[in-house]
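Participant: First the structure, which I've put down as structure tokens, then a few questions once you've had a look.
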Amino acid sequence: MERKLFFPTRDQKQFQAKLQAQMAKDGLDALILTTPENIMYATGFVPWNYVGRACGACVAMVPASGRVSLVCNEFEQRSAEQQTKGDVDVIAFPVGMYIEDYYDPALAANPPAPDPYKTFRIAFGLAKSGKEHPKVGVEKNEIPCTVYPFFVENFGEDNLVNLASFFTAVRRIKLPWEIDVLRYSAQVAQEMMNITMRGTEVGMTEADIMKMWYQAAYEVTGGHEVTLVNQVHTPGKDFSVSMLPREVPLEEGDIVRLDGGLSIYGYDSDIARTYAVGSTISPRKQELFDTLLAAHDKLLEVVKPGVRMCDAFNAAMDVCHKGAIPNFTRGHFGHSLSIGTVIPENPKITPTCTEVFEPGMVMCCEVPYYSSENGSYGFEDMIAVTETGIEVFTHVNRTPFVK
């Protein structure tokens, strides 16, 4: 498939406008962002702690109006300046390492002492520059208990607003550029799955599956703009997710569930495929495959603008109950997706969610099933809701046998 690059066409002004419009609705004077995915959303910069998630390694400050600021140390400065393309104010400070480009004899004589609050101090000063007692949005759920008191000390508890619902509101409707990235990310994941499915043979282990999976990610993309490769596969009789590959050889008739994707410029894909090892499976496994595929088809058939998410959930569940799984239960049949580390976002397709599908949403629609006796199954595709219906980015296989 054609390789694509999205960094050159990202428009910082559009993201800044979305954030500041929501800030105006919520009465916020500033945002102080500490998680890598929200820093990236606000600035276009992918911090080094994208996976490690060290709070305070890099901080973004979004004012109610005007340009966004990014605070980082000098070791990240050049990357930050390159990735923000001059559309964000990058403020860097020295660290205790020698960087020839930033050498300062005065500092060399008196090296900077480590200050764990350095990024916060700078960001706090920026947030306070426009108002004496600003109302500040912060990611309370992500800030360590050892750090949060420093926020309270500077702004007061009453002036700190949790941003959990803020970013759900901001990210639920995607910009056209975001939809383009997510579509490509999904289609790359589909090709990764096709490669892995075709390469699976009797006698392989989960380690062999994972090796093919990660190799396929870089084979398809060439490594361009890949920020993360993820997998939660469950091969054979193992229905539990494991980061440690299991050394159980696959047998004729085993079911493999592939689940995951990759992040392109921070934007996630999350799809799933189900297939058989070899050329035969039991009648029960075929019956399960057919029922779950039919439920997935019904889900995609029902989803369209104006439809309640609970109605889509109930339609898919009804197919399962009338088919091979009368006692089937499940918390959700899909979720929103954008940037981060593939954590399902709200809204979710649940039996109680009365939100309606809207144009501009990008969703994962999924119908999974887990069993140590009959294998685990995953039917999951990514879609975008359009003005008249949906665009399906990927398409599950219609048979468990790989051709």
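Chains: A, B, ... in order of the structure tokens. Residues: from 1 per chain. Ligands: from 1, in order shown.
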Just list as a ChimeraX atom specification whatever in stretch 82-158 of chain A DSSP marks as strand (DSSP E).
Facilitator: /A:89-93,136-138
Participant: Find the residues around stretch 68-72 of chain A up to 7 Å (only C-alpha atoms counted), leave out those fewer than 5 positions away in its own chain, and share them as an MDAnalysis selection string.
Facilitator: chainID A and resid 57:63 77 88:93 119 123
Participant: One decimal, in Å: what's the spacing between atom CA of A:Val319 and atom CA of A:Leu288?
Facilitator: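 Answer for the atom CA of A:Val319 to atom CA of A:Leu288 separation: 11.6 Å.
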Participant: List every residue of stretch 62-200 of chain A that DSSP, applied to the backbone of this structure, assigns to alpha helix (DSSP H), and report them as a PyMOL selection string.
Facilitator: chain A and resi 74-84+105-109+118-128+148-155+164-171+176-199
Participant: Skip A:Gly389 itself and residues of its chain fewer than 5 positions away, then list as a list in words all residues within 8 Å of it, counting only C-alpha atoms.
Facilitator: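 In the requested format, the answer is Val303, Lys304 and Pro305 of chain A.
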Participant: Excluding same-chain residues fewer than 3 positions from A:Met197, what lies within 8 Å of it counting only C-alpha atoms, as a list of chain:residue names?
Facilitator: A:Met193, A:Asn194, A:Thr200, A:Tyr275, A:Val402
Participant: Can you list, as an MDAnalysis selection string, every protein, DNA or RNA residue that comes within 10 Å of A:Val367 when you count only C-alpha atoms, leaving out same-chain residues fewer than 5 positions away?
Facilitator: chainID A and resid 272 292:297 299 313 316:317 320 330 332:334 377:381
Participant: Figure out the distance between atom CA of A:Arg308 and atom CA of A:Glu355, please, to one decimal in Å.
Facilitator: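 Separation between atom CA of A:Glu355 and atom CA of A:Arg308: 5.5 Å.
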Participant: So how many Å separate atom CA of A:Met243 and atom CA of A:Ser279, to one decimal?
Facilitator: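 Computing it gives 28.3 Å between the two atoms.
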Participant: As number ranges by chain, please: the residues near A:Arg171 (cut-off 12 Å, only C-alpha atoms, same-chain neighbours under 2 positions excluded).
Facilitator: A: 15, 18-19, 22, 37-38, 41-42, 164-169, 173-175, 178-179, 267, 336-340, 345-347, 360-363
Participant: Find, counting only C-alpha atoms, the residue in A:Phe6, A:Phe393, A:Tyr369, A:Phe151 that gets nearest to A:Thr234.
Facilitator: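 With only C-alpha atoms as the atom set, the closest residue is A:Tyr369.
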Participant: For a quick check of understanding, using only C-alpha atoms, which of A:Glu153, A:Asp158, A:Asp208, A:Glu358 has the smallest distance to A:Val307?
Facilitator: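 Residue with the minimum atom-to-atom distance to A:Val307: A:Glu358.
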